[in-house]
Amino acid sequence: MISEKPSIKAAGLLLALLVLLTASISNANDYTITPFTGFRASDSLEGEEDATGEIVKVNVDETSSFGFILSMRRDRVSTYDLYFSRQDSKLFSRSADVPEGGLDVRIDYFHLGGTVDYEADKLRPFATGGLGIARISPANDTSGTETKFSFSLGGGVKVPISENVGLRFEARALGITTSGDRRIFCSNGQCLVQFEGSLFLQYEASVGLSIAF
């Protein structure tokens, strides 16, 4: 049987300690931290024409994601949020500059926004959104990291477990604006990927453990 890595054991132990600690706190719960894991899919972008005149599609593979949401309570039903989400994936294109097996990429979102709850008997439906930046990084560090304006809109439901702990189920649309320079991963005047369109959309479904403190 394969043993767990020490880092995974340490993270699990730390999370368990945080749950036990915060479950015993009886203050106003002004802050909430929600680490989450999810799955992210993407729309395609249209690239340049190939030698036959066919449009080359640019696709990002559907893979898992993870991140956290740090919330500060504004009032009884709303919070200010700091949202971070990361996806390690592959970018595919029939462009001669992209490897046949795809290009390893990392897409990070950093957003400031908020969440509004809708009170119900036990479950708490909510709407959420944010504005910020997206950072797109290739595994090959010889090409530049791209930073673009981005936004997100979503919603879901919160399921309380105790006074200070609960589950957060969420679906979120993430948009990256690509108007202006529609080339990425450029170095020495050469760019690996060129495309058309002014908006790149991704879709993320996630579940997180919310801990209030």
# chains A, B, ... in the order shown; residues from 1 in each chain; ligands from 1
>>> residues_around(residues="A:Thr32", least_positions_apart="6", cutoff="7 Å", atoms="only C-alpha atoms", output="PyMOL selection string")
chain A and resi 70-72+210-213
>>> select_by_dssp(residues="stretch 56-158 of chain A", states="strand (DSSP E or B)", output="ChimeraX atom specification")
/A:56-60,63-75,78-93,103-117,124-138,146-158
>>> atom_distance(atom1="atom CA of A:Leu45", atom2="atom CA of A:Glu62")
14.4 Å
